[in-house]
$ cat entry.cif   # mmCIF, C-alpha atoms
data_coords
#
loop_
_atom_site.label_atom_id
_atom_site.label_comp_id
_atom_site.auth_asym_id
_atom_site.auth_seq_id
_atom_site.Cartn_x
_atom_site.Cartn_y
_atom_site.Cartn_z
CA MET D 22 0.00 0.00 0.00
CA LYS D 23 2.89 2.35 0.81
CA LYS D 24 4.43 1.49 -2.51
CA LEU D 25 1.20 2.23 -4.37
CA ALA D 26 0.83 5.57 -2.58
CA ALA D 27 4.41 6.56 -3.38
CA PHE D 28 4.04 5.43 -6.99
CA SER D 29 0.79 7.40 -7.40
CA SER D 30 2.35 10.50 -5.91
CA GLY D 31 5.31 10.23 -8.29
CA LEU D 32 3.02 9.71 -11.27
CA LEU D 33 0.85 12.74 -10.41
CA PHE D 34 3.94 14.82 -9.73
CA ALA D 35 5.39 14.00 -13.16
CA LEU D 36 2.12 14.84 -14.93
CA GLY D 37 2.02 18.15 -13.05
CA LEU D 38 5.59 18.95 -14.08
CA GLY D 39 4.82 18.17 -17.72
CA ILE D 40 1.55 20.14 -17.87
CA SER D 41 3.05 23.14 -16.09
CA GLY D 42 6.04 23.60 -18.44
CA MET D 43 8.72 22.69 -15.89
CA THR D 44 10.03 19.86 -18.11
CA GLN D 45 11.04 22.30 -20.88
CA PRO D 46 14.51 23.61 -20.01
CA GLN D 47 14.16 26.40 -22.58
CA LYS D 48 11.22 27.74 -20.53
CA ILE D 49 13.24 27.57 -17.30
CA ILE D 50 16.22 29.36 -18.86
CA GLY D 51 13.95 31.92 -20.52
CA PHE D 52 12.22 32.61 -17.23
CA LEU D 53 15.43 32.88 -15.18
CA SER D 54 17.41 34.92 -17.73
CA GLY D 55 14.56 37.41 -18.18
CA PHE D 56 15.46 39.15 -14.93
CA LEU D 57 18.84 40.32 -16.28
CA ASN D 58 17.70 40.74 -19.87
CA GLY D 59 15.20 43.50 -19.26
CA PHE D 60 12.13 41.22 -19.34
CA SER D 61 11.84 41.48 -23.14
CA ASN D 62 9.30 38.89 -24.39
CA TRP D 63 9.45 37.44 -20.90
CA ASP D 64 7.48 34.23 -20.32
CA TYR D 65 6.70 34.59 -16.63
CA SER D 66 4.13 31.78 -16.58
CA LEU D 67 6.40 29.57 -14.45
CA ILE D 68 5.73 31.84 -11.46
CA PHE D 69 2.23 30.37 -11.51
CA VAL D 70 3.53 26.82 -11.10
CA MET D 71 4.71 27.78 -7.66
CA VAL D 72 1.47 29.69 -6.98
CA GLY D 73 -0.66 26.67 -7.90
CA ALA D 74 1.50 24.14 -6.08
CA ILE D 75 1.84 26.13 -2.87
CA ALA D 76 -1.86 27.10 -2.85
CA VAL D 77 -2.95 23.46 -2.95
CA HIS D 78 -0.23 22.07 -0.69
CA ALA D 79 -0.33 24.84 1.93
CA LEU D 80 -4.14 24.62 2.23
CA THR D 81 -4.12 20.85 2.65
CA TYR D 82 -0.96 20.82 4.79
CA GLY D 83 -2.75 22.28 7.82
CA LEU D 84 -5.63 19.82 7.51
CA ILE D 85 -3.33 16.81 7.13
CA ARG D 86 -1.14 17.83 10.08
CA LYS D 87 -4.19 17.95 12.34
CA ARG D 88 -4.12 14.17 12.20
CA LYS D 89 -2.06 12.30 14.79
CA SER D 90 -0.37 10.28 12.07
CA PRO D 91 -0.43 9.76 8.30
CA LEU D 92 -2.68 7.00 6.92
CA LEU D 93 0.09 4.46 6.34
CA ASP D 94 2.69 5.21 9.00
CA VAL D 95 2.80 5.73 12.76
CA SER D 96 4.18 9.28 12.60
CA PHE D 97 5.01 12.15 10.30
CA HIS D 98 8.57 12.59 9.02
CA VAL D 99 8.50 16.31 8.27
CA PRO D 100 11.76 18.22 8.88
CA ASN D 101 11.52 20.65 11.79
CA ARG D 102 14.97 22.24 11.73
CA THR D 103 15.08 26.02 11.87
CA ASP D 104 18.85 26.66 11.93
CA ILE D 105 20.28 28.61 9.02
CA THR D 106 23.64 26.99 8.32
CA PRO D 107 26.45 27.81 5.87
CA GLN D 108 25.76 24.39 4.27
CA LEU D 109 22.14 25.34 3.57
CA VAL D 110 23.08 28.62 1.87
CA LEU D 111 26.16 27.32 0.05
CA GLY D 112 24.41 24.15 -1.13
CA SER D 113 21.39 26.11 -2.37
CA ALA D 114 23.70 28.55 -4.17
CA ILE D 115 25.53 25.68 -5.91
CA PHE D 116 22.19 24.12 -6.84
CA GLY D 117 21.01 27.48 -8.27
CA ILE D 118 24.11 27.77 -10.46
CA GLY D 119 23.58 24.25 -11.83
CA TRP D 120 19.88 24.94 -12.41
CA GLY D 121 20.63 28.15 -14.31
CA LEU D 122 23.35 26.40 -16.29
CA GLY D 123 21.32 23.43 -17.55
CA GLY D 124 17.67 24.35 -17.06
CA TYR D 125 16.94 21.10 -15.23
CA CYS D 126 16.17 20.52 -11.58
CA PRO D 127 15.93 16.91 -10.28
CA GLY D 128 12.20 16.15 -10.83
CA PRO D 129 11.92 17.40 -14.41
CA ALA D 130 15.17 15.64 -15.37
CA ILE D 131 13.85 12.26 -14.16
CA THR D 132 10.45 12.87 -15.78
CA SER D 133 12.12 13.76 -19.10
CA LEU D 134 14.09 10.51 -19.33
CA ALA D 135 11.22 9.03 -21.35
CA SER D 136 11.67 11.58 -24.13
CA GLY D 137 14.59 9.68 -25.63
CA ASN D 138 16.56 12.92 -25.71
CA SER D 139 20.10 12.39 -24.35
CA SER D 140 20.17 15.67 -22.38
CA PRO D 141 18.19 14.57 -19.29
CA TRP D 142 20.18 11.30 -19.18
CA ILE D 143 23.53 13.10 -19.24
CA PHE D 144 22.26 15.57 -16.65
CA LEU D 145 20.85 12.88 -14.34
CA ILE D 146 23.94 10.64 -14.45
CA SER D 147 26.09 13.68 -13.64
CA MET D 148 23.70 14.67 -10.88
CA ILE D 149 24.09 11.25 -9.27
CA GLY D 150 27.85 11.75 -9.64
CA GLY D 151 27.52 15.05 -7.79
CA MET D 152 25.66 13.31 -4.96
CA TYR D 153 28.44 10.71 -4.63
CA LEU D 154 31.01 13.52 -4.76
CA HIS D 155 29.28 15.11 -1.77
CA GLN D 156 29.46 11.79 0.04
CA LEU D 157 33.23 11.70 -0.53
CA VAL D 158 33.96 15.16 0.80
CA LYS D 159 31.17 15.68 3.35
CA ASP D 160 33.34 15.08 6.39
CA ARG D 161 35.46 18.05 5.38
CA LEU D 162 32.49 20.40 4.90
CA MET I 22 0.59 33.49 -22.80
CA MET I 23 -2.79 33.07 -21.09
CA SER I 24 -2.88 29.36 -21.90
CA SER I 25 0.68 29.04 -20.56
CA ILE I 26 -0.45 30.60 -17.29
CA ILE I 27 -3.51 28.35 -17.02
CA ARG I 28 -1.36 25.27 -17.67
CA ALA I 29 1.16 26.48 -15.10
CA ILE I 30 -1.56 26.86 -12.47
CA LEU I 31 -3.16 23.49 -13.27
CA GLY I 32 0.18 21.68 -13.43
CA GLY I 33 1.28 23.41 -10.25
CA ALA I 34 -1.95 22.39 -8.51
CA LEU I 35 -1.28 18.78 -9.54
CA ILE I 36 2.26 18.99 -8.13
CA GLY I 37 0.83 20.37 -4.88
CA ALA I 38 -1.79 17.59 -4.78
CA ALA I 39 0.88 14.93 -5.36
CA SER I 40 2.87 16.37 -2.43
CA SER I 41 -0.25 16.34 -0.25
CA LEU I 42 -0.97 12.71 -1.18
CA MET I 43 2.57 11.81 -0.09
CA LEU I 44 2.14 13.68 3.21
CA LEU I 45 -1.32 12.21 3.91
CA THR I 46 -0.32 8.61 3.20
CA LEU I 47 3.36 8.27 4.13
CA GLY I 48 3.82 11.43 6.19
CA ARG I 49 6.79 12.37 4.04
CA VAL I 50 8.02 15.51 2.33
CA THR I 51 8.12 15.22 -1.46
CA GLY I 52 11.70 16.32 -1.92
CA ILE I 53 12.98 14.75 -5.10
CA SER I 54 16.71 15.27 -4.53
CA GLY I 55 16.35 13.76 -1.06
CA ILE I 56 14.35 10.80 -2.39
CA LEU I 57 16.95 10.09 -5.08
CA ASN I 58 19.78 10.48 -2.59
CA GLY I 59 17.96 8.01 -0.31
CA VAL I 60 17.63 5.44 -3.09
CA LEU I 61 21.35 5.71 -3.83
CA GLY I 62 21.92 4.43 -0.30
CA LEU I 63 23.59 7.63 0.75
CA GLU I 64 21.01 8.23 3.44
CA LYS I 65 19.83 5.95 6.21
CA GLY I 66 16.31 4.56 6.11
CA GLN I 67 14.06 2.35 4.03
CA MET I 68 14.36 2.80 0.32
CA SER I 69 11.36 0.93 -1.07
CA TRP I 70 8.81 3.77 -1.04
CA ARG I 71 11.45 6.06 -2.51
CA SER I 72 12.07 3.69 -5.41
CA PHE I 73 8.35 3.50 -6.11
CA PHE I 74 8.02 7.28 -6.08
CA LEU I 75 10.83 7.55 -8.64
CA LEU I 76 9.23 4.77 -10.69
CA GLY I 77 6.03 6.85 -10.67
CA LEU I 78 7.95 9.87 -11.95
CA VAL I 79 9.45 7.83 -14.78
CA CYS I 80 6.06 6.30 -15.68
CA GLY I 81 4.49 9.77 -15.62
CA GLY I 82 7.20 10.76 -18.09
CA LEU I 83 6.27 7.81 -20.32
CA ILE I 84 2.61 8.88 -20.29
CA LEU I 85 3.58 12.46 -21.17
CA ASN I 86 5.83 11.23 -23.94
CA TYR I 87 2.92 9.24 -25.36
CA LEU I 88 0.20 11.91 -25.05
CA ALA I 89 2.15 15.15 -25.49
CA PRO I 90 5.81 14.52 -26.39
CA GLU I 91 6.38 18.24 -27.00
CA VAL I 92 6.28 18.96 -23.25
CA LEU I 93 9.43 16.86 -22.78
CA ASN I 94 11.25 18.61 -25.60
CA ASN I 95 14.60 20.26 -24.87
CA SER I 96 15.37 22.77 -27.65
CA LEU I 97 18.44 24.29 -25.98
CA ASN I 98 20.99 21.95 -27.58
CA TYR I 99 23.53 22.65 -24.87
CA PRO I 100 26.88 20.86 -25.29
CA ASP I 101 27.24 17.71 -23.17
CA ILE I 102 29.96 19.29 -21.04
CA ARG I 103 27.54 22.01 -19.94
CA LEU I 104 24.95 19.40 -18.94
CA VAL I 105 27.61 17.43 -17.04
CA ALA I 106 28.66 20.56 -15.12
CA ALA I 107 25.02 21.43 -14.43
CA GLY I 108 24.28 17.89 -13.18
CA LEU I 109 27.32 17.75 -10.91
CA LEU I 110 26.44 21.12 -9.36
CA VAL I 111 22.76 20.22 -8.88
CA GLY I 112 23.62 16.83 -7.33
CA PHE I 113 26.26 18.22 -4.98
CA GLY I 114 24.33 21.39 -4.10
CA THR I 115 20.98 19.74 -3.36
CA VAL I 116 22.54 17.26 -0.93
CA LEU I 117 24.63 19.95 0.79
CA GLY I 118 21.64 22.31 0.93
CA SER I 119 19.17 19.54 1.97
CA GLY I 120 16.74 20.08 -0.88
CA CYS I 121 15.75 21.37 -4.29
CA THR I 122 12.83 23.10 -5.99
CA SER I 123 10.35 20.52 -4.69
CA GLY I 124 11.48 19.96 -1.10
CA HIS I 125 12.37 23.57 -0.31
CA GLY I 126 10.45 25.49 -2.98
CA ILE I 127 7.08 23.77 -2.64
CA CYS I 128 6.89 21.63 0.51
CA GLY I 129 9.08 23.89 2.66
CA LEU I 130 7.46 27.17 1.65
CA SER I 131 3.99 25.65 2.08
CA ARG I 132 4.70 24.97 5.75
CA LEU I 133 6.44 28.38 6.18
CA SER I 134 9.86 26.88 6.91
CA ILE I 135 12.44 29.63 7.36
CA ARG I 136 15.22 27.31 6.15
CA SER I 137 13.32 26.61 2.95
CA LEU I 138 12.63 30.31 2.41
CA ILE I 139 16.36 31.10 2.67
CA ALA I 140 17.20 28.14 0.40
CA THR I 141 14.59 29.11 -2.21
CA LEU I 142 15.67 32.77 -2.33
CA THR I 143 19.30 31.64 -2.66
CA PHE I 144 18.81 29.17 -5.51
CA MET I 145 16.44 31.53 -7.33
CA LEU I 146 18.97 34.37 -7.13
CA LEU I 147 21.90 32.22 -8.30
CA GLY I 148 19.74 30.65 -11.02
CA ILE I 149 18.75 34.11 -12.28
CA LEU I 150 22.37 35.31 -12.27
CA THR I 151 23.73 32.18 -13.94
CA ALA I 152 21.06 31.92 -16.65
CA GLY I 153 21.30 35.66 -17.28
CA ILE I 154 25.08 35.80 -17.61
CA LEU I 155 26.09 32.44 -19.13
#
$ encode --input "entry.cif" --output "structure tokens"
Amino acid sequence: MKKLAAFSSGLLFALGLGISGMTQPQKIIGFLSGFLNGFSNWDYSLIFVMVGAIAVHALTYGLIRKRKSPLLDVSFHVPNRTDITPQLVLGSAIFGIGWGLGGYCPGPAITSLASGNSSPWIFLISMIGGMYLHQLVKDRL
Amino acid sequence: MMSSIIRAILGGALIGAASSLMLLTLGRVTGISGILNGVLGLEKGQMSWRSFFLLGLVCGGLILNYLAPEVLNNSLNYPDIRLVAAGLLVGFGTVLGSGCTSGHGICGLSRLSIRSLIATLTFMLLGILTAGIL
């Protein structure tokens, strides 16, 4: 049952990414680069992906968290840290550079594997490499 | 432009609903970098639900590719080396920063997490600078 729930969530998530435009790196790059390029012919529609996603999730979040536990587990596993660390800021900055460089973030890259285009494959394999690289050096960070 | 906005809102709502389904059933945050990192065995904990989430993402991609292949189109034609650099940075950065666009940008902001707000502002700013300059 847990597996079915996780699979369904992943499936819905991918469809949402595809419908919203997030799986088109040219849209991501166009949106991000518009800020420095004077907003000429700027496609700002991607702002509304976040609006739609947060509206639905924030509204249901409160209702779901009123429960003592989720349907299929004994407790919630939601992060509750509030400390702002150098790792958080530096890691997010590095992620932002990579996102602006390739136009892919993790979800859209995995969803786009089915396209047969080599770009998401090259990106994803490198991304996994980056995760292993972090594992190698994390004790020094 | 209007149809782009409507699709963005509808697609976004679906992403939010998928995250709520995950929270309601498994009590988990839908953070895709964290889920992938977990499957790679780099994080403690059970990996089976994570694998099935990723399988769902891939199957969703197959459905999109069948019904509307144009939404998976990448017309940028970036050289492979640029994609390799981008992937390395995204992989390293999301683990170091504990999240990406989904975990911080959607789930974190929805629960008003201060860490996720700082993370989202940071990766948006650097994404804007990088895409604008390079």
$ axis_aligned_box --input "entry.cif" --around "region 66-82 of chain D" --padding-each-side "5 Å" --output "AutoDock Vina command-line options"
--center_x 1.1 --center_y 26.3 --center_z -5.9 --size_x 20.5 --size_y 21.0 --size_z 31.4
$ residues_around --input "entry.cif" --residues "region 108-121 of chain I" --least-positions-apart "6" --cutoff "9 Å" --atoms "all atoms listed in the file" --output "PDB file with C-alpha atoms, in the frame of the given file"
ATOM      1  CA  THR D 106      23.640  26.990   8.320  1.00  0.00           C
ATOM      2  CA  PRO D 107      26.450  27.810   5.870  1.00  0.00           C
ATOM      3  CA  GLN D 108      25.760  24.390   4.270  1.00  0.00           C
ATOM      4  CA  LEU D 109      22.140  25.340   3.570  1.00  0.00           C
ATOM      5  CA  VAL D 110      23.080  28.620   1.870  1.00  0.00           C
ATOM      6  CA  LEU D 111      26.160  27.320   0.050  1.00  0.00           C
ATOM      7  CA  GLY D 112      24.410  24.150  -1.130  1.00  0.00           C
ATOM      8  CA  SER D 113      21.390  26.110  -2.370  1.00  0.00           C
ATOM      9  CA  ALA D 114      23.700  28.550  -4.170  1.00  0.00           C
ATOM     10  CA  ILE D 115      25.530  25.680  -5.910  1.00  0.00           C
ATOM     11  CA  PHE D 116      22.190  24.120  -6.840  1.00  0.00           C
ATOM     12  CA  GLY D 117      21.010  27.480  -8.270  1.00  0.00           C
ATOM     13  CA  ILE D 118      24.110  27.770 -10.460  1.00  0.00           C
ATOM     14  CA  GLY D 119      23.580  24.250 -11.830  1.00  0.00           C
ATOM     15  CA  TRP D 120      19.880  24.940 -12.410  1.00  0.00           C
ATOM     16  CA  GLY D 123      21.320  23.430 -17.550  1.00  0.00           C
ATOM     17  CA  TYR D 125      16.940  21.100 -15.230  1.00  0.00           C
ATOM     18  CA  CYS D 126      16.170  20.520 -11.580  1.00  0.00           C
ATOM     19  CA  PRO D 127      15.930  16.910 -10.280  1.00  0.00           C
ATOM     20  CA  ILE D 143      23.530  13.100 -19.240  1.00  0.00           C
ATOM     21  CA  PHE D 144      22.260  15.570 -16.650  1.00  0.00           C
ATOM     22  CA  LEU D 145      20.850  12.880 -14.340  1.00  0.00           C
ATOM     23  CA  ILE D 146      23.940  10.640 -14.450  1.00  0.00           C
ATOM     24  CA  SER D 147      26.090  13.680 -13.640  1.00  0.00           C
ATOM     25  CA  MET D 148      23.700  14.670 -10.880  1.00  0.00           C
ATOM     26  CA  ILE D 149      24.090  11.250  -9.270  1.00  0.00           C
ATOM     27  CA  GLY D 150      27.850  11.750  -9.640  1.00  0.00           C
ATOM     28  CA  GLY D 151      27.520  15.050  -7.790  1.00  0.00           C
ATOM     29  CA  MET D 152      25.660  13.310  -4.960  1.00  0.00           C
ATOM     30  CA  TYR D 153      28.440  10.710  -4.630  1.00  0.00           C
ATOM     31  CA  LEU D 154      31.010  13.520  -4.760  1.00  0.00           C
ATOM     32  CA  HIS D 155      29.280  15.110  -1.770  1.00  0.00           C
ATOM     33  CA  GLN D 156      29.460  11.790   0.040  1.00  0.00           C
ATOM     34  CA  LYS D 159      31.170  15.680   3.350  1.00  0.00           C
ATOM     35  CA  LEU D 162      32.490  20.400   4.900  1.00  0.00           C
TER      36      LEU D 162
ATOM     37  CA  GLY I  52      11.700  16.320  -1.920  1.00  0.00           C
ATOM     38  CA  ILE I  53      12.980  14.750  -5.100  1.00  0.00           C
ATOM     39  CA  SER I  54      16.710  15.270  -4.530  1.00  0.00           C
ATOM     40  CA  GLY I  55      16.350  13.760  -1.060  1.00  0.00           C
ATOM     41  CA  ASN I  58      19.780  10.480  -2.590  1.00  0.00           C
ATOM     42  CA  SER I 137      13.320  26.610   2.950  1.00  0.00           C
ATOM     43  CA  ALA I 140      17.200  28.140   0.400  1.00  0.00           C
ATOM     44  CA  THR I 141      14.590  29.110  -2.210  1.00  0.00           C
ATOM     45  CA  PHE I 144      18.810  29.170  -5.510  1.00  0.00           C
TER      46      PHE I 144
END
$ closest_residue --input "entry.cif" --among "D:Arg161, D:Lys89, D:Lys24, D:Lys48" --to "chain I" --atoms "all atoms listed in the file"
D:Lys24
$ residues_around --input "entry.cif" --residues "Ile30 (chain I)" --least-positions-apart "2" --cutoff "8 Å" --atoms "only C-alpha atoms" --output "ChimeraX atom specification"
/D:41,69-74 /I:26-28,32-34
$ closest_residue --input "entry.cif" --among "I:Ala39, I:Leu85, I:Leu44, I:Ala29" --to "Ser90 (chain D)" --atoms "all atoms listed in the file"
I:Leu44
$ resolve_selection --input "entry.cif" --expression "the PyMOL selection byres ((chain D and resi 23) around 12)" --output "MDAnalysis selection string"
(chainID D and resid 22 24:30 91:94) or (chainID I and resid 42:49 67:74)
$ resolve_selection --input "entry.cif" --expression "the PyMOL selection byres ((chain D and resi 100) around 12)" --output "list in words"
Phe97, His98, Val99, Asn101, Arg102, Thr103 and Asp104 of chain D; Gly48, Arg49, Val50, Thr51, Gly52, Gly55, Ser119, Gly120, Gly124, His125, Cys128, Gly129, Arg132, Leu133, Ser134, Ile135, Arg136 and Ser137 of chain I
$ resolve_selection --input "entry.cif" --expression "the PyMOL selection byres ((chain D and resi 46) around 8)" --output "list in words"
Met43, Thr44, Gln45, Gln47, Lys48, Ile49, Ile50, Gly123, Gly124 and Tyr125 of chain D; Asn95, Ser96 and Leu97 of chain I
$ atom_distance --input "entry.cif" --atom1 "CA of Gly83 (chain D)" --atom2 "CA of Ser66 (chain D)"
27.1 Å
$ atom_distance --input "entry.cif" --atom1 "CA of Pro100 (chain I)" --atom2 "CA of Leu150 (chain I)"
20.0 Å
$ closest_residue --input "entry.cif" --among "I:Leu61, I:Ala107, I:Ile154, I:Ala89" --to "chain D" --atoms "all atoms listed in the file"
I:Ala107
